>>> print(open('run.cif').read())   # mmCIF, C-alpha atoms and all ligand atoms
data_entry
loop_
_atom_site.group_PDB
_atom_site.id
_atom_site.type_symbol
_atom_site.label_atom_id
_atom_site.label_comp_id
_atom_site.auth_asym_id
_atom_site.auth_seq_id
_atom_site.Cartn_x
_atom_site.Cartn_y
_atom_site.Cartn_z
ATOM 1 C CA MET A 305 146.942 -30.355 73.515
ATOM 2 C CA LEU A 306 144.068 -32.428 72.122
ATOM 3 C CA GLU A 307 142.218 -31.195 69.060
ATOM 4 C CA ILE A 308 138.443 -31.258 68.867
ATOM 5 C CA THR A 309 136.910 -32.103 65.484
ATOM 6 C CA GLN A 310 134.306 -29.741 64.034
ATOM 7 C CA THR A 311 131.608 -32.398 64.550
ATOM 8 C CA ASP A 312 132.415 -32.907 68.233
ATOM 9 C CA PHE A 313 132.798 -29.170 68.743
ATOM 10 C CA LEU A 314 129.301 -28.571 67.328
ATOM 11 C CA ARG A 315 127.825 -31.418 69.383
ATOM 12 C CA LEU A 316 129.255 -29.904 72.566
ATOM 13 C CA VAL A 317 128.273 -26.331 71.640
ATOM 14 C CA LYS A 318 124.696 -27.430 70.941
ATOM 15 C CA PHE A 319 124.419 -29.372 74.197
ATOM 16 C CA VAL A 320 125.703 -26.494 76.363
ATOM 17 C CA GLU A 321 123.621 -23.893 74.555
ATOM 18 C CA LYS A 322 120.394 -25.888 74.686
ATOM 19 C CA ASN A 323 120.694 -26.778 78.369
ATOM 20 C CA TYR A 324 122.501 -23.784 79.891
ATOM 21 C CA GLY A 325 122.090 -20.944 77.377
ATOM 22 C CA ILE A 326 125.854 -20.433 77.164
ATOM 23 C CA ASP A 327 127.055 -19.741 73.632
ATOM 24 C CA LEU A 328 130.445 -21.368 73.035
ATOM 25 C CA SER A 329 130.282 -21.231 69.235
ATOM 26 C CA LYS A 330 133.325 -18.938 69.058
ATOM 27 C CA LYS A 331 135.248 -20.661 71.840
ATOM 28 C CA LYS A 332 136.906 -23.611 70.145
ATOM 29 C CA HIS A 333 140.358 -22.658 71.449
ATOM 30 C CA LEU A 334 139.022 -22.055 74.924
ATOM 31 C CA ILE A 335 137.436 -25.520 74.948
ATOM 32 C CA GLU A 336 140.631 -27.194 73.763
ATOM 33 C CA GLY A 337 142.745 -25.154 76.183
ATOM 34 C CA ARG A 338 140.603 -25.646 79.272
ATOM 35 C CA LEU A 339 139.609 -29.259 78.698
ATOM 36 C CA SER A 340 142.497 -31.125 77.036
ATOM 37 C CA ASN A 341 144.498 -32.058 80.143
ATOM 38 C CA PHE A 342 141.369 -32.497 82.182
ATOM 39 C CA ILE A 343 139.798 -35.081 79.879
ATOM 40 C CA THR A 344 143.095 -36.926 79.390
ATOM 41 C CA ASP A 345 143.459 -37.129 83.189
ATOM 42 C CA LYS A 346 139.953 -38.543 83.349
ATOM 43 C CA GLY A 347 140.990 -41.340 80.992
ATOM 44 C CA PHE A 348 139.333 -40.235 77.751
ATOM 45 C CA ALA A 349 141.449 -40.824 74.643
ATOM 46 C CA ASP A 350 139.941 -37.945 72.694
ATOM 47 C CA PHE A 351 137.213 -35.305 72.644
ATOM 48 C CA SER A 352 134.893 -37.613 70.761
ATOM 49 C CA SER A 353 134.556 -40.113 73.613
ATOM 50 C CA TYR A 354 134.331 -37.286 76.161
ATOM 51 C CA VAL A 355 131.502 -35.579 74.246
ATOM 52 C CA ASP A 356 129.678 -38.949 73.955
ATOM 53 C CA HIS A 357 129.949 -39.246 77.723
ATOM 54 C CA ILE A 358 128.785 -35.672 78.456
ATOM 55 C CA LEU A 359 125.747 -36.062 76.224
ATOM 56 C CA LYS A 360 124.563 -38.810 78.569
ATOM 57 C CA LYS A 361 124.071 -35.983 81.107
ATOM 58 C CA ASN A 362 125.720 -37.406 84.203
ATOM 59 C CA THR A 363 125.125 -34.516 86.615
ATOM 60 C CA ALA A 364 128.532 -34.514 88.319
ATOM 61 C CA ASP A 365 130.420 -34.623 85.028
ATOM 62 C CA VAL A 366 128.301 -31.881 83.493
ATOM 63 C CA GLN A 367 128.981 -29.772 86.616
ATOM 64 C CA GLU A 368 132.726 -30.259 86.178
ATOM 65 C CA LEU A 369 132.417 -29.214 82.562
ATOM 66 C CA LEU A 370 130.472 -26.057 83.481
ATOM 67 C CA ASN A 371 132.960 -25.227 86.236
ATOM 68 C CA ARG A 372 135.675 -25.237 83.613
ATOM 69 C CA LEU A 373 133.862 -23.397 80.846
ATOM 70 C CA THR A 374 131.963 -20.653 82.647
ATOM 71 C CA THR A 375 133.584 -17.305 83.288
ATOM 72 C CA ASN A 376 133.170 -16.463 86.943
ATOM 73 C CA HIS A 377 135.142 -13.251 87.128
ATOM 74 C CA THR A 378 133.598 -10.854 89.649
ATOM 75 C CA PHE A 379 134.604 -8.440 92.392
ATOM 76 C CA PHE A 380 133.209 -6.374 95.274
ATOM 77 C CA MET A 381 131.542 -3.077 94.253
ATOM 78 C CA ARG A 382 131.631 -4.042 90.570
ATOM 79 C CA GLU A 383 129.907 -1.396 88.411
ATOM 80 C CA SER A 384 129.405 0.787 91.445
ATOM 81 C CA THR A 385 126.922 3.211 89.807
ATOM 82 C CA HIS A 386 124.328 0.467 90.293
ATOM 83 C CA PHE A 387 125.094 0.318 93.986
ATOM 84 C CA ASP A 388 124.771 4.118 94.283
ATOM 85 C CA PHE A 389 121.398 3.917 92.543
ATOM 86 C CA PHE A 390 120.391 1.035 94.832
ATOM 87 C CA LYS A 391 121.327 3.005 97.953
ATOM 88 C CA ASN A 392 120.128 6.469 96.928
ATOM 89 C CA THR A 393 117.007 5.741 94.871
ATOM 90 C CA ILE A 394 115.769 2.173 95.163
ATOM 91 C CA LEU A 395 116.079 1.682 98.921
ATOM 92 C CA PRO A 396 114.402 4.978 99.942
ATOM 93 C CA GLN A 397 111.493 4.120 97.591
ATOM 94 C CA PHE A 398 110.954 0.665 99.016
ATOM 95 C CA GLU A 399 111.446 1.811 102.592
ATOM 96 C CA GLN A 400 108.440 4.101 102.068
ATOM 97 C CA LYS A 401 106.408 1.635 100.050
ATOM 98 C CA ASN A 402 106.936 -1.780 101.656
ATOM 99 C CA LYS A 403 104.945 -1.437 104.846
ATOM 100 C CA ASN A 404 105.478 -5.136 105.618
ATOM 101 C CA LYS A 405 109.245 -4.440 105.862
ATOM 102 C CA VAL A 406 110.083 -7.150 103.333
ATOM 103 C CA LEU A 407 112.450 -6.441 100.466
ATOM 104 C CA SER A 408 113.066 -9.280 98.034
ATOM 105 C CA ILE A 409 116.302 -9.228 96.072
ATOM 106 C CA TRP A 410 117.759 -11.780 93.653
ATOM 107 C CA SER A 411 121.361 -11.880 92.557
ATOM 108 C CA ALA A 412 121.071 -14.157 89.509
ATOM 109 C CA GLY A 413 124.471 -15.443 88.375
ATOM 110 C CA CYS A 414 126.112 -14.465 91.664
ATOM 111 C CA SER A 415 129.436 -16.253 91.067
ATOM 112 C CA SER A 416 131.601 -16.391 94.230
ATOM 113 C CA GLY A 417 129.366 -14.056 96.237
ATOM 114 C CA GLU A 418 130.946 -10.603 95.917
ATOM 115 C CA GLU A 419 127.797 -9.093 94.349
ATOM 116 C CA PRO A 420 125.230 -10.313 96.921
ATOM 117 C CA TYR A 421 127.587 -9.576 99.827
ATOM 118 C CA THR A 422 128.123 -6.037 98.514
ATOM 119 C CA LEU A 423 124.318 -5.654 98.525
ATOM 120 C CA SER A 424 124.060 -7.110 102.003
ATOM 121 C CA MET A 425 126.652 -4.621 103.331
ATOM 122 C CA ILE A 426 124.813 -1.702 101.687
ATOM 123 C CA LEU A 427 121.564 -2.881 103.303
ATOM 124 C CA ALA A 428 123.191 -3.135 106.725
ATOM 125 C CA ASP A 429 124.605 0.403 106.359
ATOM 126 C CA TYR A 430 121.350 1.802 105.016
ATOM 127 C CA PHE A 431 119.013 0.357 107.631
ATOM 128 C CA GLY A 432 121.491 0.683 110.511
ATOM 129 C CA PRO A 433 119.790 -0.268 113.796
ATOM 130 C CA LYS A 434 116.579 -1.069 111.833
ATOM 131 C CA PHE A 435 118.353 -3.784 109.773
ATOM 132 C CA SER A 436 117.064 -6.598 111.989
ATOM 133 C CA GLN A 437 113.468 -5.316 111.726
ATOM 134 C CA TRP A 438 113.509 -5.758 107.961
ATOM 135 C CA ASP A 439 113.498 -9.021 106.013
ATOM 136 C CA THR A 440 115.995 -8.127 103.305
ATOM 137 C CA ARG A 441 117.276 -11.621 102.572
ATOM 138 C CA ILE A 442 119.004 -11.873 99.213
ATOM 139 C CA LEU A 443 118.563 -14.960 97.065
ATOM 140 C CA ALA A 444 121.857 -15.586 95.257
ATOM 141 C CA THR A 445 121.958 -18.263 92.558
ATOM 142 C CA ASP A 446 124.412 -19.703 90.089
ATOM 143 C CA ILE A 447 124.763 -22.766 87.872
ATOM 144 C CA SER A 448 128.263 -23.596 89.100
ATOM 145 C CA GLN A 449 128.601 -25.555 92.344
ATOM 146 C CA LYS A 450 132.240 -24.568 92.545
ATOM 147 C CA VAL A 451 131.568 -20.833 92.823
ATOM 148 C CA LEU A 452 128.612 -21.433 95.135
ATOM 149 C CA SER A 453 130.883 -23.315 97.550
ATOM 150 C CA GLN A 454 133.337 -20.424 97.496
ATOM 151 C CA ALA A 455 130.471 -17.986 98.061
ATOM 152 C CA LYS A 456 129.178 -19.954 101.053
ATOM 153 C CA GLU A 457 132.669 -20.075 102.533
ATOM 154 C CA ALA A 458 132.711 -16.239 102.312
ATOM 155 C CA ALA A 459 136.496 -16.023 102.775
ATOM 156 C CA TYR A 460 138.330 -13.572 100.534
ATOM 157 C CA SER A 461 141.962 -12.635 100.013
ATOM 158 C CA GLU A 462 143.363 -9.259 101.026
ATOM 159 C CA ASN A 463 143.717 -8.456 97.339
ATOM 160 C CA SER A 464 140.093 -9.116 96.545
ATOM 161 C CA ILE A 465 138.849 -6.759 99.264
ATOM 162 C CA ALA A 466 141.238 -3.962 98.230
ATOM 163 C CA ASN A 467 138.357 -1.842 96.802
ATOM 164 C CA VAL A 468 136.146 -2.288 99.820
ATOM 165 C CA PRO A 469 135.726 0.853 101.991
ATOM 166 C CA ASP A 470 137.697 0.828 105.249
ATOM 167 C CA SER A 471 134.548 1.039 107.344
ATOM 168 C CA TRP A 472 133.259 -2.169 105.707
ATOM 169 C CA LYS A 473 136.591 -3.927 106.256
ATOM 170 C CA LYS A 474 136.338 -2.999 109.902
ATOM 171 C CA ASN A 475 132.651 -3.763 110.448
ATOM 172 C CA TYR A 476 131.834 -6.576 108.048
ATOM 173 C CA PHE A 477 134.979 -8.731 107.728
ATOM 174 C CA MET A 478 136.917 -10.800 110.261
ATOM 175 C CA LYS A 479 140.533 -11.732 109.639
ATOM 176 C CA SER A 480 141.131 -15.460 109.846
ATOM 177 C CA GLY A 481 144.628 -16.524 108.809
ATOM 178 C CA THR A 482 145.401 -14.939 105.462
ATOM 179 C CA LYS A 483 141.720 -14.565 104.581
ATOM 180 C CA TYR A 484 139.010 -12.065 105.403
ATOM 181 C CA THR A 485 135.699 -13.695 106.240
ATOM 182 C CA ILE A 486 132.312 -12.011 106.022
ATOM 183 C CA VAL A 487 130.664 -11.568 109.437
ATOM 184 C CA PRO A 488 127.487 -13.611 110.174
ATOM 185 C CA LYS A 489 125.160 -10.586 110.126
ATOM 186 C CA ILE A 490 126.051 -9.945 106.460
ATOM 187 C CA LYS A 491 126.538 -13.582 105.466
ATOM 188 C CA ASP A 492 123.274 -14.853 106.940
ATOM 189 C CA ASN A 493 121.361 -12.267 104.943
ATOM 190 C CA VAL A 494 122.276 -14.118 101.727
ATOM 191 C CA ILE A 495 120.811 -17.484 100.722
ATOM 192 C CA PHE A 496 122.791 -19.352 98.072
ATOM 193 C CA ARG A 497 121.100 -21.849 95.765
ATOM 194 C CA MET A 498 122.020 -23.618 92.579
ATOM 195 C CA PHE A 499 119.703 -22.495 89.783
ATOM 196 C CA ASN A 500 119.936 -22.786 86.017
ATOM 197 C CA LEU A 501 118.626 -19.580 84.422
ATOM 198 C CA MET A 502 117.289 -21.678 81.535
ATOM 199 C CA ASP A 503 114.732 -23.244 83.896
ATOM 200 C CA PRO A 504 111.254 -21.892 84.695
ATOM 201 C CA ILE A 505 111.341 -19.464 87.642
ATOM 202 C CA LYS A 506 109.246 -20.977 90.390
ATOM 203 C CA PHE A 507 110.383 -19.255 93.574
ATOM 204 C CA LYS A 508 107.685 -18.617 96.174
ATOM 205 C CA MET A 509 107.978 -14.843 96.024
ATOM 206 C CA LYS A 510 108.386 -12.235 93.328
ATOM 207 C CA PHE A 511 111.323 -9.874 93.506
ATOM 208 C CA ASP A 512 111.593 -6.139 94.091
ATOM 209 C CA ILE A 513 115.046 -6.041 92.546
ATOM 210 C CA ILE A 514 116.800 -8.510 90.253
ATOM 211 C CA PHE A 515 120.509 -8.157 89.588
ATOM 212 C CA CYS A 516 121.555 -10.249 86.592
ATOM 213 C CA ARG A 517 124.823 -8.667 85.602
ATOM 214 C CA ASN A 518 127.464 -10.010 83.249
ATOM 215 C CA VAL A 519 125.641 -13.305 82.821
ATOM 216 C CA MET A 520 123.578 -12.833 79.670
ATOM 217 C CA ILE A 521 126.668 -11.826 77.670
ATOM 218 C CA TYR A 522 127.130 -15.538 77.118
ATOM 219 C CA PHE A 523 123.542 -16.092 75.919
ATOM 220 C CA ASP A 524 122.231 -15.745 72.368
ATOM 221 C CA GLN A 525 119.398 -13.291 71.640
ATOM 222 C CA PRO A 526 116.402 -15.696 71.791
ATOM 223 C CA THR A 527 117.695 -17.178 75.076
ATOM 224 C CA LYS A 528 118.170 -13.687 76.464
ATOM 225 C CA ASP A 529 114.711 -12.512 75.351
ATOM 226 C CA ALA A 530 113.041 -15.553 76.911
ATOM 227 C CA LEU A 531 114.936 -15.054 80.184
ATOM 228 C CA ILE A 532 113.978 -11.358 80.313
ATOM 229 C CA ASN A 533 110.321 -12.361 79.990
ATOM 230 C CA ARG A 534 110.681 -14.872 82.813
ATOM 231 C CA PHE A 535 112.397 -12.195 84.947
ATOM 232 C CA TYR A 536 109.555 -9.794 84.147
ATOM 233 C CA HIS A 537 106.934 -12.203 85.458
ATOM 234 C CA ALA A 538 109.072 -12.742 88.561
ATOM 235 C CA THR A 539 109.354 -8.994 89.283
ATOM 236 C CA ASN A 540 106.907 -7.104 91.535
ATOM 237 C CA ASN A 541 105.189 -4.071 90.014
ATOM 238 C CA GLY A 542 107.484 -1.111 90.566
ATOM 239 C CA GLY A 543 110.481 -3.461 90.772
ATOM 240 C CA TYR A 544 113.822 -3.224 88.991
ATOM 241 C CA LEU A 545 116.058 -5.287 86.727
ATOM 242 C CA LEU A 546 119.750 -4.400 86.653
ATOM 243 C CA ILE A 547 121.989 -5.903 83.998
ATOM 244 C CA GLY A 548 125.713 -5.522 83.234
ATOM 245 C CA HIS A 549 126.828 -2.210 81.728
ATOM 246 C CA SER A 550 128.233 -3.939 78.647
ATOM 247 C CA GLU A 551 124.860 -5.657 78.041
ATOM 248 C CA THR A 552 121.760 -4.286 76.360
ATOM 249 C CA LEU A 553 118.114 -5.263 76.162
ATOM 250 C CA ASN A 554 116.129 -4.840 73.004
ATOM 251 C CA ARG A 555 114.246 -1.647 73.911
ATOM 252 C CA GLU A 556 111.482 -2.347 71.383
ATOM 253 C CA SER A 557 110.600 -5.760 72.706
ATOM 254 C CA THR A 558 111.470 -5.671 76.403
ATOM 255 C CA PRO A 559 108.440 -5.356 78.672
ATOM 256 C CA TYR A 560 110.538 -3.376 81.196
ATOM 257 C CA GLN A 561 110.812 0.386 80.987
ATOM 258 C CA TYR A 562 114.328 1.644 80.285
ATOM 259 C CA LEU A 563 115.506 4.066 82.996
ATOM 260 C CA MET A 564 119.196 4.526 82.266
ATOM 261 C CA PRO A 565 122.058 2.327 81.042
ATOM 262 C CA ALA A 566 121.732 -1.208 82.421
ATOM 263 C CA THR A 567 118.751 -0.213 84.605
ATOM 264 C CA TYR A 568 115.110 -1.161 83.912
ATOM 265 C CA LYS A 569 111.824 -0.906 85.787
ATOM 266 C CA LYS A 570 108.543 -2.824 85.778
ATOM 267 C CA LEU A 571 105.798 -0.202 85.928
HETATM 268 C C1 LIG B 601 130.929 -13.244 85.104
HETATM 269 S S1 LIG B 601 129.983 -13.981 86.378
HETATM 270 C C2 LIG B 601 129.032 -12.566 86.934
HETATM 271 C C3 LIG B 601 129.046 -12.397 88.439
HETATM 272 C C4 LIG B 601 128.360 -11.120 88.954
HETATM 273 N N1 LIG B 601 126.956 -11.099 88.608
HETATM 274 C C5 LIG B 601 129.065 -9.885 88.447
HETATM 275 O O1 LIG B 601 128.489 -9.130 87.661
HETATM 276 O O2 LIG B 601 130.213 -9.677 88.836
HETATM 277 C C6 LIG B 601 128.771 -14.910 85.431
HETATM 278 C C7 LIG B 601 128.132 -16.029 86.252
HETATM 279 O O3 LIG B 601 126.992 -16.516 85.526
HETATM 280 C C8 LIG B 601 126.872 -17.901 85.784
HETATM 281 N N2 LIG B 601 126.017 -18.537 84.750
HETATM 282 C C9 LIG B 601 126.305 -18.749 83.442
HETATM 283 N N3 LIG B 601 125.302 -19.412 82.849
HETATM 284 C C10 LIG B 601 124.345 -19.621 83.802
HETATM 285 C C11 LIG B 601 123.081 -20.274 83.802
HETATM 286 N N4 LIG B 601 122.560 -20.853 82.702
HETATM 287 N N5 LIG B 601 122.383 -20.300 84.957
HETATM 288 C C12 LIG B 601 122.890 -19.726 86.080
HETATM 289 N N6 LIG B 601 124.078 -19.108 86.155
HETATM 290 C C13 LIG B 601 124.809 -19.054 85.014
HETATM 291 C C14 LIG B 601 128.328 -18.375 85.749
HETATM 292 O O4 LIG B 601 128.489 -19.602 86.426
HETATM 293 C C15 LIG B 601 129.062 -17.205 86.433
HETATM 294 O O5 LIG B 601 129.289 -17.449 87.794
#
>>> encode(input="run.cif", output="C-alpha cells")
Amino acid sequence: MLEITQTDFLRLVKFVEKNYGIDLSKKKHLIEGRLSNFITDKGFADFSSYVDHILKKNTADVQELLNRLTTNHTFFMRESTHFDFFKNTILPQFEQKNKNKVLSIWSAGCSSGEEPYTLSMILADYFGPKFSQWDTRILATDISQKVLSQAKEAAYSENSIANVPDSWKKNYFMKSGTKYTIVPKIKDNVIFRMFNLMDPIKFKMKFDIIFCRNVMIYFDQPTKDALINRFYHATNNGGYLLIGHSETLNRESTPYQYLMPATYKKL
C-alpha cells in the first residue's frame, strides 16, 4: 500500500473540504486504503503526483475520487419513523393545504435511490387513485455520478429489498433476471440530478419537504450551518427539514423550529 505524506494528506483534505464540504481530516487510513491501488493503476508513482493532478480539478478525475471516498450506504425504509411521520402527519397537512395539488420534495444526498423511491412508494399508497392528479415529483440529488447511475437504473438485489413490505414488492417492483426493478409509475416520479450541496441552491421552486439524512455527518460545523441556512431559504413556509437521526442541528442558531429528533419545521 502507498503511504501519503502529511503534506499531501493535508492538501487533499483541504481541497475536498473546501469544494465538497466532506471532512476527511481523520481518514488518512481510509484514503490510503481506498486509493493506493487505484492511483498506481492510473500510472501515478505516489500520492504526491496524484494530489498535484487532482488539484488541477479535472472533472472526471475528481468524480472518480469522490466515488471512492464518499460513503454511500443506504437502504429502503431507512429510519422508518420519518416515513411514518411523512405519511401520518406531513401528507395529510399538505393534502389539505396545497390546493394546487403540487407537493415539492427534495431528497438531498439521495445515494443509489432507496430514499426517494421509498418516498415515491409512500406517495403512491397515500394518494391511491388520486396519485396521478397530484404533482408530487421528487427531486433527488447527489454529488456522485456513480450512485446516480445506479439510482436511475432502479434495479435492486433481492437482499436489498428484504425490508420492503410484501405489498410494495408486488405492486412497485418487477423481477428482471436476478434483480427487482422499480415500476415506471414510481420511478418516473423521481428526477435525479447531480448537485453539490456546497453550491448555491437555485432550483426554480421552493420545497415543502427536504430530506437530507446522513449526509451532513461528513461536514464540519460551519459548512453544516451554512447549508442549513441555504435549505431554510429553499423551504416553503410551513415546510419541513428531516435530517439523519445521528445528526443534530444547533438549536440556538438554526432558523428552523425543532419538532422532534431529526425533524424541523419552517414556521
Ligand atoms: C450515506 S449516503 C445517505 C443516503 C440517504 N440520504 C440515506 O440517509 O440513506 C450520503 C450521500 O451524500 C452524498 N454527498 C456527500 N457530500 C455531498 C455533497 N457535497 N453534495 C451532494 N451530495 C453529497 C454522498 O455521495 C452519499 O451518496
>>> resolve_selection(input="run.cif", expression="the PyMOL selection byres (((not hetatm)) within 7 of (chain B and resi 601))", output="ChimeraX atom specification")
/A:324-326,374-379,382,411-416,419,445-448,451,499-502,516-519,548
>>> closest_residue(input="run.cif", among="A:Ser436, A:Ala364, A:Ala538, A:Phe380", to="Ser464 (chain A)", atoms="only C-alpha atoms")
A:Phe380
>>> residues_around(input="run.cif", residues="Leu571 (chain A)", least_positions_apart="4", cutoff="12 Å", atoms="all atoms listed in the file", output="ChimeraX atom specification")
/A:512,536,539-545,559-563
>>> write_last_selection(input="run.cif", atoms="C-alpha atoms", output="PDB file, in the coordinates of the input")
ATOM      1  CA  ASP A 512     111.593  -6.139  94.091  1.00  0.00           C
ATOM      2  CA  TYR A 536     109.555  -9.794  84.147  1.00  0.00           C
ATOM      3  CA  THR A 539     109.354  -8.994  89.283  1.00  0.00           C
ATOM      4  CA  ASN A 540     106.907  -7.104  91.535  1.00  0.00           C
ATOM      5  CA  ASN A 541     105.189  -4.071  90.014  1.00  0.00           C
ATOM      6  CA  GLY A 542     107.484  -1.111  90.566  1.00  0.00           C
ATOM      7  CA  GLY A 543     110.481  -3.461  90.772  1.00  0.00           C
ATOM      8  CA  TYR A 544     113.822  -3.224  88.991  1.00  0.00           C
ATOM      9  CA  LEU A 545     116.058  -5.287  86.727  1.00  0.00           C
ATOM     10  CA  PRO A 559     108.440  -5.356  78.672  1.00  0.00           C
ATOM     11  CA  TYR A 560     110.538  -3.376  81.196  1.00  0.00           C
ATOM     12  CA  GLN A 561     110.812   0.386  80.987  1.00  0.00           C
ATOM     13  CA  TYR A 562     114.328   1.644  80.285  1.00  0.00           C
ATOM     14  CA  LEU A 563     115.506   4.066  82.996  1.00  0.00           C
TER      15      LEU A 563
END
>>> resolve_selection(input="run.cif", expression="the PyMOL selection byres (((chain A and resi 529) around 12) and not hetatm)", output="ChimeraX atom specification")
/A:325,502,520,523-528,530-536,552-560
>>> resolve_selection(input="run.cif", expression="the PyMOL selection byres (((chain A and resi 433-435) around 12) and not hetatm)", output="JSON list (two decimals) with C-alpha atoms, in the frame of the given file")
[["chain", "number", "residue", "atom", "x", "y", "z"],
["A", 399, "GLU", "CA", 111.45, 1.81, 102.59],
["A", 405, "LYS", "CA", 109.24, -4.44, 105.86],
["A", 406, "VAL", "CA", 110.08, -7.15, 103.33],
["A", 407, "LEU", "CA", 112.45, -6.44, 100.47],
["A", 424, "SER", "CA", 124.06, -7.11, 102.00],
["A", 425, "MET", "CA", 126.65, -4.62, 103.33],
["A", 426, "ILE", "CA", 124.81, -1.70, 101.69],
["A", 427, "LEU", "CA", 121.56, -2.88, 103.30],
["A", 428, "ALA", "CA", 123.19, -3.14, 106.72],
["A", 429, "ASP", "CA", 124.60, 0.40, 106.36],
["A", 430, "TYR", "CA", 121.35, 1.80, 105.02],
["A", 431, "PHE", "CA", 119.01, 0.36, 107.63],
["A", 432, "GLY", "CA", 121.49, 0.68, 110.51],
["A", 436, "SER", "CA", 117.06, -6.60, 111.99],
["A", 437, "GLN", "CA", 113.47, -5.32, 111.73],
["A", 438, "TRP", "CA", 113.51, -5.76, 107.96],
["A", 439, "ASP", "CA", 113.50, -9.02, 106.01],
["A", 440, "THR", "CA", 116.00, -8.13, 103.30],
["A", 441, "ARG", "CA", 117.28, -11.62, 102.57],
["A", 489, "LYS", "CA", 125.16, -10.59, 110.13],
["A", 490, "ILE", "CA", 126.05, -9.94, 106.46],
["A", 493, "ASN", "CA", 121.36, -12.27, 104.94]]
>>> residues_around(input="run.cif", residues="Arg372 (chain A)", least_positions_apart="2", cutoff="9 Å", atoms="only C-alpha atoms", output="list of chain:residue names")
A:Ile335, A:Arg338, A:Leu339, A:Gln367, A:Glu368, A:Leu369, A:Leu370, A:Thr374, A:Thr375
>>> residues_around(input="run.cif", residues="Gln449 (chain A)", least_positions_apart="3", cutoff="7 Å", atoms="all atoms listed in the file", output="short mmCIF file (atom, residue, chain, number, x, y, z; two decimals) with C-alpha atoms, in the frame of the given file")
data_model
loop_
_atom_site.label_atom_id
_atom_site.label_comp_id
_atom_site.auth_asym_id
_atom_site.auth_seq_id
_atom_site.Cartn_x
_atom_site.Cartn_y
_atom_site.Cartn_z
CA LEU A 452 128.61 -21.43 95.14
CA SER A 453 130.88 -23.32 97.55
CA MET A 498 122.02 -23.62 92.58
#
>>> atom_distance(input="run.cif", atom1="CA of Leu546 (chain A)", atom2="CA of Pro565 (chain A)")
9.1 Å
